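Please read the structure below before turning to the comments.
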Amino acid sequence: MQVTRSPGPAAVARRAQIVEAAVETIAELGYGHASFARIAERAGLSSTRLISYHFRGKDELIARIVAQVHGEMGDFMSARLRAETTAAGTIRAYITGTVEFIATHRARMRALYEIFVNHRPENGEGSYDAATDLGVLSQIEEILRWGQREGEFRDFEPRVMAMSIQRSVDGLPFLLESGADVDTARYAAELVTIFDLATRSGA
């Protein structure tokens with residue numbers, strides 16, 4: 001039976017401790033070996049019951065990991081994007097910032113990679129959140145439309161361009177997991193050049 005969970009600071013701290021331990025365990029051992037027993041051991045917990053007290057099951061814990069990493073990436077990007085005053089600068093900051101986050105948060109991205117490839121919730125829907133993805137694409141589209149209105153960008157279909165930009169950065173974690181030798185700074189610079197040439201106005 002699920003115990004009613006306290007909303008107090010101690011409960012919040014314990015949940016954060018469990019999530020961090022789960023991220024580290026999945027990143028190091030892979031999703032298939034990230035049992036509650038191993039997560040509890042890494043978190044320094046005396047029993048897996050302490051995980052079950054805070055999370056109804058693995059699906060809820062995994063969902064919390066995904067939400068937390070996405071939230072961290074959002075916070076990381078927010079200041080970078082707000083500092084830009086042009087659409088072109090904002091797209092450039094989005095690309096370089098996303099690549100920088102991926103490059104400097106390898107364990108978190110490895111955990112997400114393992115989750116997206118291997119986790120299947122009991123409801124059968126999969127871990128890929130299409131609604132979240134569409135929300136991200138919509139934000140990029142708005143930046144592209146802004147650039148078109150201001151004359152910075154040429155006439156193109158924003159959804160296609162937004163998809164191209166997003167998939168280019170989405171693919172980096174998979175490339176890194178393949179063992180390829182990737183200079184992430186150069187990767188970002190090449191993407192910036194590609195999309196600058198693809199979007200700029202000829203006027």
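Chain lettering (A, B, ...) mirrors the order of the structure tokens, residue numbering begins at 1 for each chain separately, and ligand numbering begins at 1 in order of display.
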
Check which residues of stretch 87-154 of chain A sit at most 10 Å from stretch 17-38 of chain A using only C-alpha atoms, and return one row each with the closest pair of atoms and their distance in Å to one decimal, ordered by chain and rising number, as a Markdown table.
```
| residue | atom | partner | partner_atom | distance |
| --- | --- | --- | --- | --- |
| A:Arg106 | CA | A:Ala27 | CA | 8.6 |
| A:Ala107 | CA | A:Ala27 | CA | 5.4 |
| A:Arg108 | CA | A:Val23 | CA | 6.4 |
| A:Met109 | CA | A:Ala27 | CA | 8.1 |
| A:Arg110 | CA | A:Ala27 | CA | 5.3 |
| A:Ala111 | CA | A:Ala27 | CA | 4.5 |
| A:Leu112 | CA | A:Ala27 | CA | 8.3 |
| A:Tyr113 | CA | A:Ala27 | CA | 8.7 |
| A:Glu114 | CA | A:Tyr31 | CA | 5.6 |
| A:Ile115 | CA | A:Tyr31 | CA | 6.4 |
| A:Phe116 | CA | A:Tyr31 | CA | 9.7 |
| A:Val117 | CA | A:Tyr31 | CA | 9.0 |
| A:Asn118 | CA | A:Tyr31 | CA | 6.7 |
| A:His119 | CA | A:Tyr31 | CA | 7.5 |
```

Take the selection from the previous step and output its residues with all heavy atoms, as a tab-separated table (two decimals), in the first residue's frame.
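Output below, filename part06.tsv:
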```
chain	number	residue	atom	x	y	z
A	106	ARG	N	27.26	14.80	-19.38
A	106	ARG	CA	27.30	13.51	-20.06
A	106	ARG	C	26.52	12.43	-19.32
A	106	ARG	O	25.82	11.63	-19.93
A	106	ARG	CB	28.76	13.06	-20.25
A	106	ARG	CG	29.60	13.95	-21.14
A	106	ARG	CD	29.16	13.87	-22.59
A	106	ARG	NE	30.01	14.68	-23.45
A	106	ARG	CZ	31.07	14.22	-24.11
A	106	ARG	NH1	31.42	12.95	-23.99
A	106	ARG	NH2	31.79	15.02	-24.87
A	107	ALA	N	26.65	12.37	-17.97
A	107	ALA	CA	25.96	11.33	-17.22
A	107	ALA	C	24.45	11.48	-17.36
A	107	ALA	O	23.72	10.50	-17.56
A	107	ALA	CB	26.36	11.36	-15.75
A	108	ARG	N	23.96	12.70	-17.28
A	108	ARG	CA	22.53	12.93	-17.41
A	108	ARG	C	22.03	12.57	-18.81
A	108	ARG	O	20.98	11.96	-18.98
A	108	ARG	CB	22.20	14.39	-17.09
A	108	ARG	CG	21.99	14.60	-15.60
A	108	ARG	CD	22.14	16.02	-15.18
A	108	ARG	NE	21.48	16.26	-13.90
A	108	ARG	CZ	21.82	15.69	-12.75
A	108	ARG	NH1	22.81	14.81	-12.73
A	108	ARG	NH2	21.17	15.98	-11.63
A	109	MET	N	22.78	12.94	-19.82
A	109	MET	CA	22.38	12.62	-21.18
A	109	MET	C	22.48	11.13	-21.45
A	109	MET	O	21.66	10.57	-22.18
A	109	MET	CB	23.23	13.42	-22.18
A	109	MET	CG	23.13	14.92	-22.03
A	109	MET	SD	21.43	15.56	-21.89
A	109	MET	CE	20.74	15.07	-23.47
A	110	ARG	N	23.47	10.47	-20.86
A	110	ARG	CA	23.57	9.02	-21.01
A	110	ARG	C	22.39	8.32	-20.37
A	110	ARG	O	21.84	7.37	-20.91
A	110	ARG	CB	24.88	8.50	-20.42
A	110	ARG	CG	25.14	7.02	-20.70
A	110	ARG	CD	26.51	6.60	-20.21
A	110	ARG	NE	27.55	7.34	-20.91
A	110	ARG	CZ	28.38	8.20	-20.32
A	110	ARG	NH1	28.30	8.43	-19.02
A	110	ARG	NH2	29.29	8.83	-21.03
A	111	ALA	N	21.97	8.83	-19.20
A	111	ALA	CA	20.80	8.26	-18.53
A	111	ALA	C	19.55	8.45	-19.40
A	111	ALA	O	18.74	7.52	-19.55
A	111	ALA	CB	20.61	8.90	-17.16
A	112	LEU	N	19.37	9.65	-19.96
A	112	LEU	CA	18.23	9.88	-20.83
A	112	LEU	C	18.27	8.96	-22.04
A	112	LEU	O	17.24	8.42	-22.47
A	112	LEU	CB	18.19	11.33	-21.31
A	112	LEU	CG	17.65	12.39	-20.35
A	112	LEU	CD1	17.48	13.71	-21.09
A	112	LEU	CD2	16.33	11.97	-19.73
A	113	TYR	N	19.45	8.80	-22.61
A	113	TYR	CA	19.61	7.91	-23.77
A	113	TYR	C	19.15	6.50	-23.40
A	113	TYR	O	18.38	5.87	-24.14
A	113	TYR	CB	21.09	7.89	-24.19
A	113	TYR	CG	21.44	6.85	-25.23
A	113	TYR	CD1	21.31	7.14	-26.59
A	113	TYR	CD2	21.90	5.59	-24.86
A	113	TYR	CE1	21.64	6.19	-27.55
A	113	TYR	CE2	22.23	4.63	-25.82
A	113	TYR	CZ	22.09	4.94	-27.15
A	113	TYR	OH	22.41	4.00	-28.10
A	114	GLU	N	19.61	6.01	-22.27
A	114	GLU	CA	19.23	4.66	-21.82
A	114	GLU	C	17.71	4.56	-21.61
A	114	GLU	O	17.09	3.56	-21.95
A	114	GLU	CB	19.96	4.31	-20.53
A	114	GLU	CG	21.43	3.98	-20.71
A	114	GLU	CD	21.63	2.61	-21.34
A	114	GLU	OE1	20.78	1.73	-21.11
A	114	GLU	OE2	22.63	2.43	-22.05
A	115	ILE	N	17.14	5.59	-21.03
A	115	ILE	CA	15.70	5.60	-20.76
A	115	ILE	C	14.91	5.61	-22.07
A	115	ILE	O	13.97	4.81	-22.26
A	115	ILE	CB	15.32	6.81	-19.89
A	115	ILE	CG1	15.85	6.61	-18.47
A	115	ILE	CG2	13.81	7.03	-19.88
A	115	ILE	CD1	15.78	7.85	-17.60
A	116	PHE	N	15.26	6.49	-22.99
A	116	PHE	CA	14.51	6.61	-24.23
A	116	PHE	C	14.61	5.34	-25.07
A	116	PHE	O	13.65	4.96	-25.74
A	116	PHE	CB	15.00	7.81	-25.03
A	116	PHE	CG	14.63	9.13	-24.42
A	116	PHE	CD1	15.40	10.26	-24.66
A	116	PHE	CD2	13.53	9.26	-23.60
A	116	PHE	CE1	15.07	11.48	-24.10
A	116	PHE	CE2	13.18	10.47	-23.03
A	116	PHE	CZ	13.96	11.58	-23.28
A	117	VAL	N	15.75	4.67	-25.01
A	117	VAL	CA	15.94	3.47	-25.82
A	117	VAL	C	15.28	2.25	-25.17
A	117	VAL	O	14.73	1.39	-25.87
A	117	VAL	CB	17.44	3.20	-26.04
A	117	VAL	CG1	17.68	1.83	-26.65
A	117	VAL	CG2	18.04	4.28	-26.95
A	118	ASN	N	15.30	2.17	-23.85
A	118	ASN	CA	14.94	0.93	-23.17
A	118	ASN	C	13.67	0.94	-22.32
A	118	ASN	O	13.08	-0.11	-22.08
A	118	ASN	CB	16.10	0.48	-22.27
A	118	ASN	CG	17.35	0.19	-23.06
A	118	ASN	OD1	17.38	-0.69	-23.91
A	118	ASN	ND2	18.42	0.96	-22.80
A	119	HIS	N	13.28	2.11	-21.81
A	119	HIS	CA	12.16	2.11	-20.86
A	119	HIS	C	10.81	2.03	-21.57
A	119	HIS	O	10.56	2.76	-22.52
A	119	HIS	CB	12.20	3.37	-20.00
A	119	HIS	CG	11.09	3.45	-19.00
A	119	HIS	ND1	10.93	2.51	-18.00
A	119	HIS	CD2	10.07	4.33	-18.84
A	119	HIS	CE1	9.87	2.81	-17.27
A	119	HIS	NE2	9.32	3.91	-17.76
```

Name the residues of chain A that fall into helix (DSSP H, G or I) according to DSSP on the backbone, using the chain letters and numbers of this document, as a PyMOL selection string.
chain A and resi 9-29+31-33+36-43+49-54+58-82+87-104+106-118+130-149+158-177+184-199

Nearest to A:His105 among A:Phe76, A:Ile51, A:Phe153, A:Val169, with distances taken over only C-alpha atoms: which residue is it?
A:Phe76

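Going from atom CA of A:Thr193 to atom CA of A:Ala79 covers 22.3 Å.
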
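Note that atom CA of A:Ile102 and atom CA of A:Leu172 are 7.7 Å apart.
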
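Closest approach to A:Arg64 among A:Arg149, A:Arg15, A:Val160, A:Ala180: A:Arg15, based on only C-alpha atoms.
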
Residues of stretch 76-103 of chain A within 10 Å of stretch 133-147 of chain A: nearest atom pair and distance (Å, one decimal) for each, counting only C-alpha atoms, sorted by chain and number, as a Markdown table?
```
| residue | atom | partner | partner_atom | distance |
| --- | --- | --- | --- | --- |
| A:Thr86 | CA | A:Gly147 | CA | 7.5 |
| A:Ala87 | CA | A:Gly147 | CA | 4.9 |
| A:Ala88 | CA | A:Gly147 | CA | 6.9 |
| A:Gly89 | CA | A:Gly147 | CA | 9.9 |
| A:Thr90 | CA | A:Ile143 | CA | 7.4 |
| A:Ile91 | CA | A:Ile143 | CA | 7.3 |
| A:Tyr94 | CA | A:Ile140 | CA | 8.8 |
```

Could you take the residues named above and write them with all heavy atoms, as a compact mmCIF listing (two decimals), in the first residue's frame?
```txt
# COMPACT_ATOMS: atom_id res chain seq x y z
N THR A 86 18.22 39.45 -31.31
CA THR A 86 17.85 39.17 -32.70
C THR A 86 17.47 37.70 -32.82
O THR A 86 17.89 36.86 -32.02
CB THR A 86 19.01 39.45 -33.67
OG1 THR A 86 20.09 38.54 -33.40
CG2 THR A 86 19.52 40.88 -33.52
N ALA A 87 16.68 37.40 -33.84
CA ALA A 87 16.29 36.01 -34.08
C ALA A 87 17.51 35.15 -34.43
O ALA A 87 17.64 34.03 -33.95
CB ALA A 87 15.25 35.96 -35.19
N ALA A 88 18.38 35.69 -35.26
CA ALA A 88 19.57 34.93 -35.66
C ALA A 88 20.44 34.63 -34.44
O ALA A 88 20.96 33.52 -34.29
CB ALA A 88 20.37 35.71 -36.70
N GLY A 89 20.59 35.63 -33.56
CA GLY A 89 21.38 35.41 -32.35
C GLY A 89 20.73 34.40 -31.44
O GLY A 89 21.41 33.60 -30.78
N THR A 90 19.40 34.39 -31.39
CA THR A 90 18.69 33.45 -30.53
C THR A 90 18.83 32.03 -31.04
O THR A 90 19.04 31.10 -30.26
CB THR A 90 17.19 33.84 -30.44
OG1 THR A 90 17.09 35.19 -29.98
CG2 THR A 90 16.46 32.93 -29.47
N ILE A 91 18.73 31.85 -32.35
CA ILE A 91 18.92 30.51 -32.91
C ILE A 91 20.36 30.04 -32.66
O ILE A 91 20.60 28.88 -32.29
CB ILE A 91 18.63 30.50 -34.43
CG1 ILE A 91 17.12 30.69 -34.67
CG2 ILE A 91 19.13 29.21 -35.08
CD1 ILE A 91 16.25 29.57 -34.15
N TYR A 94 20.62 29.07 -29.10
CA TYR A 94 19.91 27.80 -28.85
C TYR A 94 20.80 26.62 -29.25
O TYR A 94 20.90 25.64 -28.50
CB TYR A 94 18.60 27.76 -29.63
CG TYR A 94 17.85 26.48 -29.41
CD1 TYR A 94 17.12 26.27 -28.23
CD2 TYR A 94 17.89 25.44 -30.34
CE1 TYR A 94 16.45 25.08 -28.00
CE2 TYR A 94 17.23 24.25 -30.12
CZ TYR A 94 16.51 24.08 -28.94
OH TYR A 94 15.87 22.89 -28.71
```
